[in-house]
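> structure02.tsv is the file, holding TSV, C-alpha atoms:
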chain	number	residue	atom	x	y	z
S	29	MET	CA	0.00	0.00	0.00
S	30	ASN	CA	2.87	2.40	0.67
S	31	SER	CA	4.04	2.10	-2.92
S	32	ILE	CA	0.51	2.92	-4.12
S	33	MET	CA	0.39	6.04	-2.00
S	34	GLU	CA	3.94	7.03	-2.97
S	35	ASN	CA	2.95	6.70	-6.63
S	36	ALA	CA	-0.22	8.65	-5.95
S	37	GLY	CA	1.81	11.36	-4.22
S	38	ALA	CA	4.20	11.57	-7.15
S	39	ALA	CA	1.29	11.93	-9.57
S	40	THR	CA	-0.22	14.60	-7.33
S	41	ALA	CA	3.00	16.57	-7.39
S	42	VAL	CA	3.15	16.38	-11.18
S	43	ASN	CA	-0.47	17.48	-11.52
S	44	ALA	CA	0.08	20.29	-9.00
S	45	VAL	CA	2.91	21.72	-11.05
S	46	THR	CA	0.55	22.07	-14.01
S	47	GLN	CA	-1.81	24.21	-11.93
S	48	SER	CA	-1.08	27.77	-13.03
S	49	SER	CA	-2.57	29.75	-10.17
S	50	ALA	CA	-3.91	29.35	-6.68
S	51	ARG	CA	-7.57	28.43	-6.32
S	52	GLU	CA	-9.90	29.25	-3.49
S	53	GLY	CA	-13.34	28.16	-2.50
S	54	PRO	CA	-15.11	25.68	-0.30
S	55	VAL	CA	-14.31	22.03	-0.03
S	56	VAL	CA	-17.21	20.03	-1.42
S	57	ILE	CA	-17.41	16.48	-0.08
S	58	VAL	CA	-19.34	14.02	-2.25
S	59	ASP	CA	-20.03	10.83	-0.32
S	60	ASP	CA	-23.17	8.74	0.13
S	61	ASP	CA	-21.91	7.53	3.53
S	62	ALA	CA	-22.88	10.23	6.03
S	63	SER	CA	-20.38	9.08	8.66
S	64	ASP	CA	-17.46	9.24	6.20
S	65	ALA	CA	-18.61	12.66	4.99
S	66	LEU	CA	-18.93	14.01	8.54
S	67	LEU	CA	-15.50	12.65	9.46
S	68	ALA	CA	-13.94	14.41	6.45
S	69	GLU	CA	-15.87	17.59	7.29
S	70	GLY	CA	-14.52	17.51	10.86
S	71	ILE	CA	-10.96	17.22	9.57
S	72	ILE	CA	-11.49	20.15	7.19
S	73	ASP	CA	-13.11	22.22	9.97
S	74	GLU	CA	-10.00	21.71	12.13
S	75	LEU	CA	-8.07	23.60	9.43
S	76	LYS	CA	-10.31	26.65	10.06
S	77	PRO	CA	-11.54	27.17	6.48
S	78	ARG	CA	-12.81	30.58	5.37
S	79	PHE	CA	-15.56	28.90	3.34
S	80	PRO	CA	-18.17	26.52	4.76
S	81	VAL	CA	-17.69	22.88	3.85
S	82	GLN	CA	-20.44	21.58	1.57
S	83	ILE	CA	-21.57	17.95	1.80
S	84	LEU	CA	-23.37	16.31	-1.10
S	85	SER	CA	-24.58	12.71	-1.10
S	86	SER	CA	-24.44	11.85	-4.80
S	87	GLY	CA	-22.71	12.44	-8.09
S	88	GLU	CA	-25.94	13.88	-9.46
S	89	ASP	CA	-25.92	16.47	-6.66
S	90	LEU	CA	-22.38	17.56	-7.60
S	91	VAL	CA	-23.40	17.97	-11.25
S	92	ALA	CA	-26.33	20.21	-10.18
S	93	TYR	CA	-24.03	22.10	-7.79
S	94	LEU	CA	-21.41	22.77	-10.46
S	95	GLN	CA	-24.04	23.85	-12.96
S	96	GLY	CA	-25.74	26.09	-10.38
S	97	LYS	CA	-29.06	24.33	-10.90
S	98	ASP	CA	-32.08	23.96	-8.64
S	99	LEU	CA	-31.14	24.26	-4.96
S	100	TYR	CA	-27.59	25.34	-5.89
S	101	HIS	CA	-28.44	28.38	-8.08
S	102	ASP	CA	-27.35	30.92	-5.42
S	103	ARG	CA	-23.54	31.17	-5.65
S	104	SER	CA	-23.39	33.31	-2.50
S	105	GLN	CA	-24.78	30.33	-0.58
S	106	TYR	CA	-23.16	27.63	-2.75
S	107	PRO	CA	-19.86	29.09	-4.04
S	108	TYR	CA	-17.94	27.34	-6.78
S	109	PRO	CA	-15.67	24.70	-5.18
S	110	GLY	CA	-11.99	25.16	-4.51
S	111	LEU	CA	-11.61	21.40	-4.00
S	112	VAL	CA	-13.82	18.31	-4.33
S	113	LEU	CA	-13.34	15.21	-2.19
S	114	LEU	CA	-15.04	12.46	-4.20
S	115	ASP	CA	-16.03	9.02	-2.97
S	116	LEU	CA	-15.79	6.35	-5.66
S	117	LYS	CA	-18.48	3.93	-4.50
S	118	MET	CA	-21.90	5.56	-4.67
S	119	PRO	CA	-25.22	4.36	-6.09
S	120	LYS	CA	-26.34	5.59	-9.52
S	121	MET	CA	-23.56	8.00	-10.62
S	122	ASP	CA	-20.43	6.66	-8.92
S	123	GLY	CA	-17.12	8.48	-8.66
S	124	PHE	CA	-15.80	7.09	-11.95
S	125	ALA	CA	-18.94	8.20	-13.82
S	126	LEU	CA	-18.61	11.63	-12.26
S	127	LEU	CA	-14.95	11.88	-13.28
S	128	GLN	CA	-16.01	10.98	-16.83
S	129	TRP	CA	-18.72	13.67	-16.71
S	130	LEU	CA	-16.13	16.22	-15.59
S	131	LYS	CA	-13.80	15.12	-18.40
S	132	ASP	CA	-16.67	15.62	-20.86
S	133	HIS	CA	-17.36	19.12	-19.43
S	134	PRO	CA	-14.01	20.95	-19.64
S	135	GLU	CA	-15.53	24.14	-18.22
S	136	HIS	CA	-15.10	22.43	-14.82
S	137	ALA	CA	-11.59	21.11	-15.47
S	138	GLN	CA	-9.91	23.62	-13.13
S	139	ILE	CA	-11.51	22.10	-10.02
S	140	PRO	CA	-9.03	19.85	-8.20
S	141	ILE	CA	-10.63	16.46	-7.58
S	142	VAL	CA	-9.31	14.23	-4.80
S	143	VAL	CA	-10.71	10.72	-4.97
S	144	LEU	CA	-11.39	8.87	-1.72
S	145	SER	CA	-11.75	5.12	-1.38
S	146	GLY	CA	-11.98	2.61	1.40
S	147	CYS	CA	-11.36	-0.39	-0.86
S	148	VAL	CA	-8.54	-2.78	-0.12
S	149	ASN	CA	-7.53	-3.29	-3.77
S	150	MET	CA	-6.78	0.32	-4.70
S	151	ALA	CA	-4.09	-0.03	-7.39
S	152	GLY	CA	-6.55	-0.37	-10.27
S	153	GLN	CA	-8.77	2.37	-8.85
S	154	VAL	CA	-5.85	4.79	-8.55
S	155	THR	CA	-4.84	4.23	-12.18
S	156	ARG	CA	-8.38	4.57	-13.51
S	157	ALA	CA	-9.09	7.69	-11.41
S	158	TYR	CA	-5.94	9.41	-12.70
S	159	GLN	CA	-6.79	8.44	-16.29
S	160	LEU	CA	-10.16	10.15	-15.82
S	161	GLY	CA	-8.58	13.35	-14.50
S	162	ALA	CA	-8.37	13.01	-10.72
S	163	HIS	CA	-5.67	15.18	-9.16
S	164	SER	CA	-5.00	12.93	-6.18
S	165	PHE	CA	-6.19	9.77	-4.47
S	166	LEU	CA	-6.47	9.19	-0.72
S	167	PRO	CA	-7.50	6.15	1.30
S	168	LYS	CA	-10.39	6.39	3.74
S	169	PRO	CA	-10.53	7.46	6.45
S	170	VAL	CA	-8.90	10.74	5.44
S	171	GLN	CA	-6.18	12.17	7.66
S	172	GLN	CA	-5.60	15.85	8.40
S	173	GLU	CA	-1.95	15.78	7.29
S	174	ASP	CA	-2.97	14.28	3.93
S	175	ILE	CA	-5.53	17.04	3.37
S	176	GLN	CA	-2.99	19.71	4.34
S	177	SER	CA	-0.48	18.25	1.86
S	178	ILE	CA	-3.07	18.13	-0.92
S	179	LEU	CA	-4.11	21.75	-0.31
S	180	SER	CA	-0.48	22.84	-0.45
S	181	LEU	CA	0.45	20.80	-3.52
S	182	LEU	CA	-2.65	21.87	-5.45
S	183	LYS	CA	-2.39	25.48	-4.27
S	184	VAL	CA	-5.92	25.55	-2.89
S	185	SER	CA	-7.03	28.03	-0.26
S	186	ILE	CA	-10.11	27.00	1.65
What do you get writing this file as structure tokens?


Amino acid sequence: MNSIMENAGAATAVNAVTQSSAREGPVVIVDDDASDALLAEGIIDELKPRFPVQILSSGEDLVAYLQGKDLYHDRSQYPYPGLVLLDLKMPKMDGFALLQWLKDHPEHAQIPIVVLSGCVNMAGQVTRAYQLGAHSFLPKPVQQEDIQSILSLLKVSI
């Protein structure tokens, strides 16, 4: 597992270098498991973000959020994300389908996407997530030092 995470870290560093400027905005957590989402939110809150953390429970919700549709039309209440933490295993539109949607909608390409997974066999998931445009990959449960490193590498201010 260490070699997977070392490879993921190396890919993150390469992708971070291609980021031209710093981004800012809220962290949007997309996870159908409320306990995992709340744990990630607690870790982000410990970093004292300037923007409120947004929790969404499905890939479809993130699509609506990014497009500013329905509930998410008010950008003062639902600002454009600075970072998305994306669970892979969700019903209907899973993380891979959402990554493909993002790839097909380049107007959202500047959003750093960090994929989260609790699966034991992550090697194939890491490769596929990067092929679909993910900026980083972290195992669940997320750790504060990992989030801090990602924010620094991707030049994201929350």

> Do you know which residues are at most 8 Å from Gly161 of chain S counting only C-alpha atoms, after dropping those on the same chain fewer than 3 positions away, and could you put them as a VMD selection string?

chain S and resid 127 131 141 157 to 158

> Do you know which residues are at most 7 Å from segment 142-150 of chain S counting all atoms listed in the file, after dropping those on the same chain fewer than 2 positions away, and could you put them as an mmCIF file with C-alpha atoms, keeping the file's coordinate frame?


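The file below, part27.cif, is the result:
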data_model
loop_
_atom_site.group_PDB
_atom_site.id
_atom_site.type_symbol
_atom_site.label_atom_id
_atom_site.label_comp_id
_atom_site.auth_asym_id
_atom_site.auth_seq_id
_atom_site.Cartn_x
_atom_site.Cartn_y
_atom_site.Cartn_z
ATOM 1 C CA VAL S 112 -13.820 18.310 -4.330
ATOM 2 C CA LEU S 113 -13.340 15.210 -2.190
ATOM 3 C CA LEU S 114 -15.040 12.460 -4.200
ATOM 4 C CA ASP S 115 -16.030 9.020 -2.970
ATOM 5 C CA LEU S 116 -15.790 6.350 -5.660
ATOM 6 C CA PRO S 140 -9.030 19.850 -8.200
ATOM 7 C CA GLY S 152 -6.550 -0.370 -10.270
ATOM 8 C CA GLN S 153 -8.770 2.370 -8.850
ATOM 9 C CA VAL S 154 -5.850 4.790 -8.550
ATOM 10 C CA ALA S 162 -8.370 13.010 -10.720
ATOM 11 C CA HIS S 163 -5.670 15.180 -9.160
ATOM 12 C CA SER S 164 -5.000 12.930 -6.180
ATOM 13 C CA PHE S 165 -6.190 9.770 -4.470
ATOM 14 C CA LEU S 166 -6.470 9.190 -0.720
ATOM 15 C CA PRO S 167 -7.500 6.150 1.300
ATOM 16 C CA LYS S 168 -10.390 6.390 3.740
#

> Interatomic distance between atom CA of Leu182 of chain S and atom CA of Gly96 of chain S?

24.0 Å

> Name all residues at most 9 Å from Lys120 of chain S (count only C-alpha atoms; drop same-chain ones fewer than 6 positions away) and give them as a ChimeraX atom specification.

/S:86-88

> Taking 3 positions as the minimum chain separation for residues in the same chain, which residues sit within 12 Å of Gln95 of chain S when counting only C-alpha atoms? Answer as an mmCIF file with C-alpha atoms, in the frame of the given file.


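Result saved to part-v2.cif:
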data_model
loop_
_atom_site.group_PDB
_atom_site.id
_atom_site.type_symbol
_atom_site.label_atom_id
_atom_site.label_comp_id
_atom_site.auth_asym_id
_atom_site.auth_seq_id
_atom_site.Cartn_x
_atom_site.Cartn_y
_atom_site.Cartn_z
ATOM 1 C CA GLU S 88 -25.940 13.880 -9.460
ATOM 2 C CA ASP S 89 -25.920 16.470 -6.660
ATOM 3 C CA LEU S 90 -22.380 17.560 -7.600
ATOM 4 C CA VAL S 91 -23.400 17.970 -11.250
ATOM 5 C CA ALA S 92 -26.330 20.210 -10.180
ATOM 6 C CA ASP S 98 -32.080 23.960 -8.640
ATOM 7 C CA LEU S 99 -31.140 24.260 -4.960
ATOM 8 C CA TYR S 100 -27.590 25.340 -5.890
ATOM 9 C CA HIS S 101 -28.440 28.380 -8.080
ATOM 10 C CA ASP S 102 -27.350 30.920 -5.420
ATOM 11 C CA ARG S 103 -23.540 31.170 -5.650
ATOM 12 C CA TYR S 106 -23.160 27.630 -2.750
ATOM 13 C CA PRO S 107 -19.860 29.090 -4.040
ATOM 14 C CA TYR S 108 -17.940 27.340 -6.780
ATOM 15 C CA PRO S 109 -15.670 24.700 -5.180
ATOM 16 C CA LEU S 130 -16.130 16.220 -15.590
ATOM 17 C CA HIS S 133 -17.360 19.120 -19.430
ATOM 18 C CA GLU S 135 -15.530 24.140 -18.220
ATOM 19 C CA HIS S 136 -15.100 22.430 -14.820
#

> Counting all atoms listed in the file, which residues have an atom no more than 12 Å from (-4.0, 12.7, 10.0) in the file's coordinates? Please list them as a list in words.

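The residues that fall inside the cut-off are Leu67, Ala68, Gly70, Ile71, Ile72, Glu74, Leu75, Leu166, Pro167, Lys168, Pro169, Val170, Gln171, Gln172, Glu173, Asp174, Ile175, Gln176 and Ser177 of chain S.
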
> Quick one, how far is atom CA of Lys76 of chain S from atom CA of Ala62 of chain S?

21.1 Å

> Record the distance separating atom CA of Pro80 of chain S and atom CA of Gly53 of chain S, expressed in Å with one decimal.

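If I compute the distance from atom CA of Pro80 of chain S to atom CA of Gly53 of chain S, I get 8.9 Å.
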
> Quick one: axis-aligned box around all listed atoms of segment 140-158 of chain S, 8 Å on every side, centre and edge lengths in Å to one decimal, written as AutoDock Vina command-line options.


--center_x -8.0 --center_y 8.3 --center_z -6.1 --size_x 23.9 --size_y 39.1 --size_z 30.9

> Generate the missing atoms of segment 89-113 of chain S up to N, CA, C and O atoms and report them as a compact mmCIF listing (two decimals), keeping the file's coordinate frame.


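Output below, filename result.txt:
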# COMPACT_ATOMS: atom_id res chain seq x y z
N ASP S 89 -25.90 15.21 -7.42
CA ASP S 89 -25.92 16.47 -6.66
C ASP S 89 -24.73 17.35 -7.03
O ASP S 89 -24.87 18.57 -7.14
N LEU S 90 -23.55 16.75 -7.23
CA LEU S 90 -22.38 17.56 -7.60
C LEU S 90 -22.58 18.17 -8.99
O LEU S 90 -22.23 19.34 -9.20
N VAL S 91 -23.14 17.43 -9.92
CA VAL S 91 -23.40 17.97 -11.25
C VAL S 91 -24.31 19.19 -11.13
O VAL S 91 -24.03 20.25 -11.70
N ALA S 92 -25.40 19.08 -10.37
CA ALA S 92 -26.33 20.21 -10.18
C ALA S 92 -25.62 21.37 -9.50
O ALA S 92 -25.80 22.53 -9.87
N TYR S 93 -24.78 21.07 -8.51
CA TYR S 93 -24.03 22.10 -7.79
C TYR S 93 -23.11 22.86 -8.74
O TYR S 93 -23.09 24.09 -8.76
N LEU S 94 -22.35 22.13 -9.54
CA LEU S 94 -21.41 22.77 -10.46
C LEU S 94 -22.13 23.60 -11.52
O LEU S 94 -21.64 24.65 -11.93
N GLN S 95 -23.28 23.14 -11.95
CA GLN S 95 -24.04 23.85 -12.96
C GLN S 95 -24.90 24.97 -12.37
O GLN S 95 -25.52 25.72 -13.11
N GLY S 96 -24.93 25.06 -11.03
CA GLY S 96 -25.74 26.09 -10.38
C GLY S 96 -27.23 25.89 -10.60
O GLY S 96 -27.98 26.85 -10.72
N LYS S 97 -27.66 24.64 -10.63
CA LYS S 97 -29.06 24.33 -10.90
C LYS S 97 -29.83 24.07 -9.61
O LYS S 97 -29.27 23.66 -8.60
N ASP S 98 -31.14 24.28 -9.71
CA ASP S 98 -32.08 23.96 -8.64
C ASP S 98 -31.65 24.59 -7.31
O ASP S 98 -31.44 25.79 -7.26
N LEU S 99 -31.51 23.79 -6.30
CA LEU S 99 -31.14 24.26 -4.96
C LEU S 99 -29.83 25.06 -4.96
O LEU S 99 -29.64 25.95 -4.13
N TYR S 100 -28.95 24.78 -5.90
CA TYR S 100 -27.59 25.34 -5.89
C TYR S 100 -27.43 26.58 -6.77
O TYR S 100 -26.31 26.99 -7.07
N HIS S 101 -28.52 27.23 -7.16
CA HIS S 101 -28.44 28.38 -8.08
C HIS S 101 -27.81 29.61 -7.42
O HIS S 101 -27.27 30.46 -8.12
N ASP S 102 -27.86 29.74 -6.11
CA ASP S 102 -27.35 30.92 -5.42
C ASP S 102 -25.87 30.72 -5.08
O ASP S 102 -25.53 30.05 -4.11
N ARG S 103 -24.98 31.35 -5.87
CA ARG S 103 -23.54 31.17 -5.65
C ARG S 103 -23.04 31.84 -4.37
O ARG S 103 -21.98 31.51 -3.88
N SER S 104 -23.81 32.76 -3.79
CA SER S 104 -23.39 33.31 -2.50
C SER S 104 -23.58 32.28 -1.39
O SER S 104 -22.82 32.24 -0.44
N GLN S 105 -24.55 31.40 -1.55
CA GLN S 105 -24.78 30.33 -0.58
C GLN S 105 -24.02 29.05 -0.96
O GLN S 105 -23.61 28.29 -0.09
N TYR S 106 -23.84 28.83 -2.25
CA TYR S 106 -23.16 27.63 -2.75
C TYR S 106 -22.05 28.06 -3.71
O TYR S 106 -22.16 27.90 -4.93
N PRO S 107 -20.94 28.61 -3.16
CA PRO S 107 -19.86 29.09 -4.04
C PRO S 107 -19.21 27.94 -4.81
O PRO S 107 -19.22 26.79 -4.38
N TYR S 108 -18.64 28.32 -5.95
CA TYR S 108 -17.94 27.34 -6.78
C TYR S 108 -16.82 26.71 -5.96
O TYR S 108 -16.10 27.39 -5.23
N PRO S 109 -16.64 25.39 -6.05
CA PRO S 109 -15.67 24.70 -5.18
C PRO S 109 -14.22 25.05 -5.46
O PRO S 109 -13.82 25.28 -6.60
N GLY S 110 -13.44 25.06 -4.39
CA GLY S 110 -11.99 25.16 -4.51
C GLY S 110 -11.37 23.77 -4.58
O GLY S 110 -10.28 23.59 -5.11
N LEU S 111 -12.09 22.77 -4.04
CA LEU S 111 -11.61 21.40 -4.00
C LEU S 111 -12.81 20.48 -3.83
O LEU S 111 -13.74 20.81 -3.09
N VAL S 112 -12.78 19.33 -4.51
CA VAL S 112 -13.82 18.31 -4.33
C VAL S 112 -13.17 17.04 -3.81
O VAL S 112 -12.17 16.57 -4.37
N LEU S 113 -13.71 16.53 -2.70
CA LEU S 113 -13.34 15.21 -2.19
C LEU S 113 -14.43 14.26 -2.65
O LEU S 113 -15.59 14.40 -2.26
